[in-house]
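Quick look at model30.txt (compact mmCIF, C-alpha atoms):
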# COMPACT_ATOMS: atom_id res chain seq x y z
CA MET A 1 3.85 -4.20 56.28
CA LYS A 2 0.65 -6.06 57.13
CA LEU A 3 -2.34 -3.86 57.95
CA ASP A 4 -4.31 -4.57 61.15
CA MET A 5 -7.89 -5.32 60.05
CA GLY A 6 -9.24 -6.31 63.45
CA GLY A 7 -11.53 -3.32 63.72
CA LEU A 8 -13.16 -4.06 60.35
CA ASP A 9 -14.45 -7.56 61.12
CA SER A 10 -17.92 -6.22 61.87
CA VAL A 11 -18.31 -4.70 58.39
CA PHE A 12 -17.47 -7.89 56.45
CA PRO A 13 -21.13 -8.98 56.23
CA LEU A 14 -21.98 -5.65 54.62
CA PHE A 15 -19.60 -6.30 51.75
CA GLY A 16 -19.99 -10.03 51.54
CA ALA A 17 -16.39 -10.49 50.43
CA SER A 18 -14.17 -13.19 51.83
CA ASN A 19 -10.98 -11.71 50.42
CA PHE A 20 -11.46 -8.31 52.05
CA HIS A 21 -8.13 -8.54 53.87
CA GLU A 22 -6.24 -9.35 50.69
CA GLU A 23 -7.79 -6.53 48.67
CA LEU A 24 -6.83 -3.89 51.22
CA SER A 25 -3.36 -5.21 51.93
CA THR A 26 -2.24 -5.52 48.27
CA ALA A 27 -0.55 -2.56 46.60
CA PRO A 28 -2.71 -0.65 44.11
CA SER A 29 -1.86 -1.27 40.47
CA PHE A 30 -2.91 -0.11 37.03
CA GLU A 31 -2.28 -1.31 33.52
CA LEU A 32 0.33 0.49 31.44
CA PRO A 33 -0.64 1.56 27.92
CA ASN A 34 0.14 -1.04 25.27
CA ARG A 35 2.68 1.12 23.45
CA ILE A 36 6.24 0.39 22.40
CA ASP A 37 7.36 4.01 22.68
CA PHE A 38 6.08 5.19 26.05
CA ASP A 39 7.76 8.62 25.74
CA ASP A 40 5.72 9.49 22.62
CA PHE A 41 2.56 8.32 24.35
CA GLN A 42 3.33 10.60 27.31
CA LYS A 43 3.87 13.62 25.04
CA GLU A 44 0.60 12.92 23.16
CA ALA A 45 -1.30 12.57 26.44
CA ILE A 46 0.07 15.89 27.72
CA GLN A 47 -0.94 17.65 24.51
CA MET A 48 -4.40 16.07 24.69
CA VAL A 49 -5.19 17.55 28.12
CA LYS A 50 -3.20 20.76 27.64
CA PRO A 51 -5.53 23.72 28.18
CA ALA A 52 -5.63 26.62 25.74
CA LYS A 53 -4.09 29.57 27.55
CA GLY A 54 -3.35 33.18 26.63
CA THR A 55 -1.49 36.19 27.97
CA THR A 56 0.71 39.11 26.99
CA THR A 57 3.91 40.00 28.85
CA LEU A 58 6.90 42.07 27.75
CA ALA A 59 10.16 43.50 29.06
CA PHE A 60 12.96 45.56 27.54
CA ILE A 61 16.22 47.17 28.57
CA PHE A 62 16.84 50.88 28.03
CA LYS A 63 19.37 53.38 29.34
CA GLU A 64 17.67 53.86 32.73
CA GLY A 65 17.09 50.17 33.51
CA VAL A 66 14.45 47.56 32.64
CA MET A 67 10.76 48.12 31.91
CA VAL A 68 8.36 45.22 32.53
CA ALA A 69 4.66 45.12 31.63
CA ALA A 70 1.85 42.56 31.51
CA ASP A 71 -1.91 42.20 31.26
CA SER A 72 -4.04 40.55 33.97
CA ARG A 73 -6.47 38.15 32.24
CA ALA A 74 -6.56 34.43 33.05
CA SER A 75 -8.36 32.29 30.50
CA MET A 76 -8.73 28.74 29.24
CA GLY A 77 -9.97 28.65 25.69
CA GLY A 78 -13.01 30.89 25.46
CA TYR A 79 -13.58 30.96 29.22
CA ILE A 80 -12.23 33.98 31.11
CA SER A 81 -11.69 32.98 34.74
CA SER A 82 -10.21 36.22 36.09
CA GLN A 83 -9.41 39.78 35.09
CA SER A 84 -7.14 40.55 38.04
CA VAL A 85 -4.24 38.10 37.94
CA LYS A 86 -0.86 39.43 39.07
CA LYS A 87 1.42 38.32 36.24
CA ILE A 88 4.50 40.25 37.37
CA ILE A 89 5.94 38.46 40.41
CA GLU A 90 8.47 40.07 42.76
CA ILE A 91 11.36 37.63 43.29
CA ASN A 92 13.35 40.04 45.46
CA PRO A 93 13.53 43.86 45.78
CA TYR A 94 15.78 44.05 42.69
CA MET A 95 14.33 41.29 40.49
CA LEU A 96 11.00 40.55 38.79
CA GLY A 97 9.58 37.55 36.97
CA THR A 98 6.74 37.50 34.44
CA MET A 99 4.10 34.81 34.18
CA ALA A 100 3.03 33.15 30.94
CA GLY A 101 1.75 29.59 30.62
CA GLY A 102 0.24 27.71 33.54
CA ALA A 103 -0.53 30.08 36.41
CA ALA A 104 0.17 27.49 39.12
CA ASP A 105 3.46 26.41 37.54
CA CYS A 106 4.72 29.98 37.16
CA GLN A 107 3.68 31.12 40.62
CA PHE A 108 5.16 28.08 42.37
CA TRP A 109 8.53 28.14 40.62
CA HIS A 110 8.91 31.90 40.99
CA ARG A 111 8.28 31.59 44.72
CA ASN A 112 10.73 28.70 44.82
CA LEU A 113 13.29 30.82 42.96
CA GLY A 114 12.77 33.66 45.45
CA ILE A 115 13.59 31.30 48.32
CA LYS A 116 16.75 30.08 46.62
CA CYS A 117 17.85 33.65 45.84
CA ARG A 118 17.42 34.61 49.49
CA LEU A 119 19.40 31.57 50.65
CA HIS A 120 22.17 32.50 48.19
CA GLU A 121 22.23 36.03 49.61
CA LEU A 122 22.49 34.75 53.20
CA ALA A 123 25.24 32.27 52.34
CA ASN A 124 27.36 34.59 50.17
CA LYS A 125 26.62 37.99 51.77
CA ARG A 126 25.65 39.44 48.37
CA ARG A 127 22.62 39.39 46.12
CA ILE A 128 22.46 36.83 43.37
CA SER A 129 22.96 38.20 39.85
CA VAL A 130 20.20 38.18 37.25
CA THR A 131 22.33 35.78 35.21
CA GLY A 132 22.67 33.41 38.16
CA ALA A 133 18.98 33.52 39.06
CA SER A 134 17.89 32.82 35.48
CA LYS A 135 20.37 29.96 35.18
CA LEU A 136 19.12 28.53 38.47
CA LEU A 137 15.53 28.57 37.23
CA ALA A 138 16.52 27.12 33.83
CA ASN A 139 18.36 24.22 35.51
CA ILE A 140 15.35 23.45 37.72
CA LEU A 141 12.89 23.50 34.81
CA TYR A 142 15.25 21.45 32.64
CA SER A 143 15.16 18.68 35.25
CA TYR A 144 11.34 18.57 34.90
CA ARG A 145 11.19 18.74 31.08
CA GLY A 146 8.61 16.50 29.44
CA MET A 147 6.58 16.24 32.65
CA GLY A 148 3.84 18.67 31.69
CA LEU A 149 5.07 21.96 33.11
CA SER A 150 3.99 25.07 31.20
CA VAL A 151 6.25 28.04 31.95
CA GLY A 152 7.34 30.91 29.73
CA THR A 153 8.90 33.57 31.91
CA MET A 154 11.22 36.55 31.77
CA ILE A 155 13.64 37.28 34.60
CA ALA A 156 14.38 41.00 34.76
CA GLY A 157 16.46 42.81 37.34
CA TRP A 158 19.38 44.97 38.33
CA ASP A 159 22.65 43.64 39.78
CA GLU A 160 26.30 44.69 40.10
CA THR A 161 26.74 44.67 36.33
CA GLY A 162 23.64 46.75 35.64
CA PRO A 163 20.29 45.76 34.07
CA GLY A 164 19.71 42.16 33.00
CA LEU A 165 16.95 40.41 31.07
CA TYR A 166 16.57 36.68 30.34
CA TYR A 167 13.85 34.48 28.87
CA VAL A 168 13.40 31.04 30.46
CA ASP A 169 10.89 28.33 29.50
CA SER A 170 9.73 24.98 30.83
CA GLU A 171 11.95 23.03 28.41
CA GLY A 172 15.03 24.50 30.06
CA GLY A 173 15.67 27.06 27.33
CA ARG A 174 17.35 30.31 28.35
CA LEU A 175 17.98 33.38 26.20
CA LYS A 176 19.63 36.69 26.97
CA GLY A 177 18.28 39.75 25.19
CA THR A 178 17.34 43.41 25.31
CA ARG A 179 13.61 43.02 24.64
CA PHE A 180 11.18 40.10 24.82
CA SER A 181 7.45 39.55 24.63
CA VAL A 182 5.85 36.24 25.68
CA GLY A 183 2.30 34.96 25.30
CA SER A 184 -0.49 34.66 22.76
CA GLY A 185 -0.61 38.45 22.32
CA SER A 186 3.15 38.82 21.85
CA PRO A 187 3.07 39.23 18.03
CA TYR A 188 0.85 42.31 18.43
CA ALA A 189 2.98 43.65 21.30
CA TYR A 190 6.16 43.14 19.26
CA GLY A 191 4.69 45.22 16.43
CA VAL A 192 4.32 48.26 18.68
CA LEU A 193 7.43 47.59 20.74
CA ASP A 194 9.81 47.17 17.81
CA SER A 195 8.53 50.26 16.02
CA GLY A 196 8.80 52.55 19.05
CA TYR A 197 11.85 51.16 20.87
CA ARG A 198 14.89 53.37 21.42
CA TYR A 199 17.69 52.70 23.89
CA ASP A 200 17.95 56.34 24.99
CA MET A 201 14.32 56.68 26.12
CA SER A 202 13.40 58.35 29.40
CA ILE A 203 11.51 56.42 32.08
CA GLU A 204 8.24 58.13 31.13
CA GLU A 205 8.69 57.34 27.42
CA ALA A 206 9.59 53.71 28.14
CA ALA A 207 6.59 53.28 30.45
CA GLU A 208 4.26 54.72 27.81
CA LEU A 209 5.70 52.41 25.14
CA ALA A 210 5.22 49.36 27.39
CA ARG A 211 1.67 50.42 28.29
CA ARG A 212 0.73 51.05 24.66
CA SER A 213 2.21 47.70 23.56
CA ILE A 214 0.16 45.81 26.15
CA TYR A 215 -2.99 47.72 25.23
CA HIS A 216 -2.73 46.97 21.50
CA ALA A 217 -2.10 43.30 22.28
CA THR A 218 -5.23 43.13 24.44
CA PHE A 219 -7.19 44.89 21.70
CA ARG A 220 -6.32 42.23 19.10
CA ASP A 221 -5.87 39.12 21.28
CA GLY A 222 -9.02 37.77 22.94
CA ALA A 223 -7.04 35.87 25.57
CA SER A 224 -5.40 39.06 26.89
CA GLY A 225 -7.08 41.86 28.77
CA GLY A 226 -7.87 43.31 32.17
CA VAL A 227 -5.31 45.74 33.57
CA ALA A 228 -2.03 46.80 31.95
CA SER A 229 0.55 46.84 34.76
CA VAL A 230 3.91 48.55 34.23
CA TYR A 231 6.99 48.08 36.46
CA TYR A 232 10.37 49.78 36.31
CA VAL A 233 13.57 48.14 37.62
CA GLY A 234 16.49 50.48 38.30
CA PRO A 235 19.57 50.75 40.51
CA ASP A 236 17.31 51.29 43.56
CA GLY A 237 15.13 48.25 42.88
CA TRP A 238 11.76 47.77 41.22
CA LYS A 239 8.81 50.14 41.38
CA LYS A 240 5.28 49.81 40.04
CA LEU A 241 4.53 52.79 37.82
CA SER A 242 0.95 52.21 36.75
CA GLY A 243 -1.97 49.81 36.46
CA ASP A 244 -4.56 50.99 33.93
CA ASP A 245 -7.73 49.27 32.78
CA VAL A 246 -7.36 48.55 29.07
CA GLY A 247 -10.96 49.61 28.48
CA GLU A 248 -10.09 53.11 29.65
CA LEU A 249 -6.84 53.08 27.68
CA HIS A 250 -8.85 52.44 24.53
CA TYR A 251 -10.54 55.82 24.78
CA LYS A 252 -7.20 57.43 25.60
CA TYR A 253 -5.54 56.16 22.41
CA TYR A 254 -8.71 56.33 20.29
CA PRO A 255 -10.79 59.23 21.63
CA VAL A 256 -14.39 59.46 20.46
CA VAL A 257 -14.66 62.11 17.77
CA PRO A 258 -18.13 63.65 17.43
CA SER A 259 -19.36 63.14 13.90
CA THR A 260 -20.59 66.14 11.97
CA VAL A 261 -24.04 66.01 10.46
CA GLU A 262 -23.84 66.80 6.75
CA GLN A 263 -27.53 67.36 6.28
CA GLU A 264 -30.18 67.35 8.96
CA MET A 265 -33.67 66.30 8.03
CA VAL A 266 -36.44 68.41 9.55
CA GLU A 267 -40.11 67.83 9.55
CA ALA A 268 -41.90 69.90 6.96
CA THR A 269 -44.45 72.29 8.33
CA GLY A 270 -47.94 72.34 6.88
CA ALA A 271 -48.85 75.12 4.48

Please render this file's structure as structure tokens.
Amino acid sequence: MKLDMGGLDSVFPLFGASNFHEELSTAPSFELPNRIDFDDFQKEAIQMVKPAKGTTTLAFIFKEGVMVAADSRASMGGYISSQSVKKIIEINPYMLGTMAGGAADCQFWHRNLGIKCRLHELANKRRISVTGASKLLANILYSYRGMGLSVGTMIAGWDETGPGLYYVDSEGGRLKGTRFSVGSGSPYAYGVLDSGYRYDMSIEEAAELARRSIYHATFRDGASGGVASVYYVGPDGWKKLSGDDVGELHYKYYPVVPSTVEQEMVEATGA
């Protein structure tokens, strides 16, 4: 399609270019990198501009349902951009997703998954299962693999078969399990979670274990912090149980003990 340049004739003297029409009407172009293996070049370029991120999220199944917890710090390298990020995203009233990786990628694809789950419910007159929702997200992310997405999420919920928990990442990987922790602080969270996990815990015990795991991860991992949010998913849907500042939790788990003075020095009085 030829562009109409009639209204730009008066500006030609300002540019002093005789080929002004041709420059605007030609399609923009750029030189491709002089590489034989373009796929490797693309992967190297993605790694070169990949920001350093950090987070701590966890979820586990116990006898009453699924417990989900996360911190709220958003960071890139040493820069902390926010202390109040909502990393547990409500997909529907019976399903939650956690956010680890790129905040924009996770938020967009969780919202997209929520739309697809609602359309499935309208078309089939029943809620989508946790298995089906996680597989749907894994298929979508698999189609975008190698394109720079950064997503490490857990899909937790309750369906007709009971509690369900899946891990899904941006490479299309999908794992079913009973407990997961994702993010830079996950090794520290796993240490507390694995040592204190029991299947027959009560809701209060499971919430305390999740809260304590997130706290210890934020204590050791500089990229995690803010507020430790804890959600419970049961047969009646999800419910937020608590949101505690990790700075206050520190003094709960490590209360300040007044030190005893062994020997007090007093000023000597004159004779």

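For the choices A:Ala74, A:Cys106, A:Ala268, A:Leu122, the atom-to-atom distance to Leu137 (chain A) is smallest for A:Cys106 when using only C-alpha atoms.
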
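Nearest to Gly172 (chain A) of all the residues A:Gly247, A:Pro187, A:Gly157, A:Gly152 is A:Gly152, based on only C-alpha atoms.
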
Please produce, as a Markdown table, a per-residue contact table for region 124-159 of chain A versus region 52-58 of chain A (criterion: any atom at most 10 Å away, all atoms listed in the file considered), showing the nearest atom pair and its distance in Å to one decimal, sorted by chain then residue number.
| residue | atom | partner | partner_atom | distance |
| --- | --- | --- | --- | --- |
| A:Ser150 | CA | A:Lys53 | CA | 9.9 |
| A:Gly152 | CA | A:Thr57 | CA | 9.8 |
| A:Thr153 | CA | A:Thr57 | CA | 8.7 |
| A:Met154 | CA | A:Leu58 | CA | 8.1 |

Excluding Ala207 (chain A) and residues on its chain fewer than 4 positions from it, collect all residues at most 7 Å away from it, counting only C-alpha atoms, and give them as a list in words. Met67, Ile203, Arg211 and Val230 of chain A

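Relative to CA of Ser81 (chain A), CA of Gly185 (chain A) is found at 17.5 Å.
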
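CA of Ser184 (chain A) lies 24.0 Å from CA of Met95 (chain A).
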
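From CA of Ala228 (chain A) back to CA of Ala69 (chain A), the distance works out to 6.9 Å.
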
Could you check the closest approach to Glu205 (chain A) for each of A:Ser224, A:Tyr166, A:Val257, A:Tyr232 and tell me which residue wins, using all atoms listed in the file?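 Closest residue, counting all atoms listed in the file: A:Tyr232.
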
Hey, can I get the axis-aligned box for region 108-114 of chain A? All listed atoms, 8 Å padding on each side, centre and edge lengths in Å to one decimal, as lines of an AutoDock Vina configuration file.
center_x = 9.2
center_y = 30.9
center_z = 43.0
size_x = 24.1
size_y = 21.6
size_z = 20.8

10 Å contact set for His110 (chain A), all atoms listed in the file, chain neighbours under 4 positions out, as a PDB file with C-alpha atoms, in the frame of the given file:
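Generated file (selection-v2.pdb):
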ATOM      1  CA  ILE A  89       5.940  38.460  40.410  1.00  0.00           C
ATOM      2  CA  GLU A  90       8.470  40.070  42.760  1.00  0.00           C
ATOM      3  CA  ILE A  91      11.360  37.630  43.290  1.00  0.00           C
ATOM      4  CA  LEU A  96      11.000  40.550  38.790  1.00  0.00           C
ATOM      5  CA  GLY A  97       9.580  37.550  36.970  1.00  0.00           C
ATOM      6  CA  THR A  98       6.740  37.500  34.440  1.00  0.00           C
ATOM      7  CA  MET A  99       4.100  34.810  34.180  1.00  0.00           C
ATOM      8  CA  ALA A 104       0.170  27.490  39.120  1.00  0.00           C
ATOM      9  CA  ASP A 105       3.460  26.410  37.540  1.00  0.00           C
ATOM     10  CA  CYS A 106       4.720  29.980  37.160  1.00  0.00           C
ATOM     11  CA  GLY A 114      12.770  33.660  45.450  1.00  0.00           C
ATOM     12  CA  ILE A 115      13.590  31.300  48.320  1.00  0.00           C
ATOM     13  CA  LYS A 116      16.750  30.080  46.620  1.00  0.00           C
ATOM     14  CA  LEU A 137      15.530  28.570  37.230  1.00  0.00           C
ATOM     15  CA  THR A 153       8.900  33.570  31.910  1.00  0.00           C
ATOM     16  CA  ILE A 155      13.640  37.280  34.600  1.00  0.00           C
TER      17      ILE A 155
END

Lys43 (chain A): which residues within 9 Å, counting all atoms listed in the file, same-chain residues fewer than 4 positions away excluded, as a ChimeraX atom specification? /A:38-39,47-48,146-148

Distance cut-off 9 Å, centre (17.5, 54.1, 27.5) in file coordinates, counting all atoms listed in the file: which residues qualify? Return them as a PDB file with C-alpha atoms, in the frame of the given file.
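Below is the file part.pdb, written as the result:
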ATOM      1  CA  ILE A  61      16.220  47.170  28.570  1.00  0.00           C
ATOM      2  CA  PHE A  62      16.840  50.880  28.030  1.00  0.00           C
ATOM      3  CA  LYS A  63      19.370  53.380  29.340  1.00  0.00           C
ATOM      4  CA  GLU A  64      17.670  53.860  32.730  1.00  0.00           C
ATOM      5  CA  GLY A  65      17.090  50.170  33.510  1.00  0.00           C
ATOM      6  CA  VAL A  66      14.450  47.560  32.640  1.00  0.00           C
ATOM      7  CA  ARG A 198      14.890  53.370  21.420  1.00  0.00           C
ATOM      8  CA  TYR A 199      17.690  52.700  23.890  1.00  0.00           C
ATOM      9  CA  ASP A 200      17.950  56.340  24.990  1.00  0.00           C
ATOM     10  CA  MET A 201      14.320  56.680  26.120  1.00  0.00           C
ATOM     11  CA  SER A 202      13.400  58.350  29.400  1.00  0.00           C
ATOM     12  CA  ILE A 203      11.510  56.420  32.080  1.00  0.00           C
ATOM     13  CA  ALA A 206       9.590  53.710  28.140  1.00  0.00           C
TER      14      ALA A 206
END

Within 10 Å of (-8.2, 51.1, 25.8), all atoms listed in the file: residues as an MDAnalysis selection string? chainID A and resid 212 214:216 218:219 225 227:228 244:255
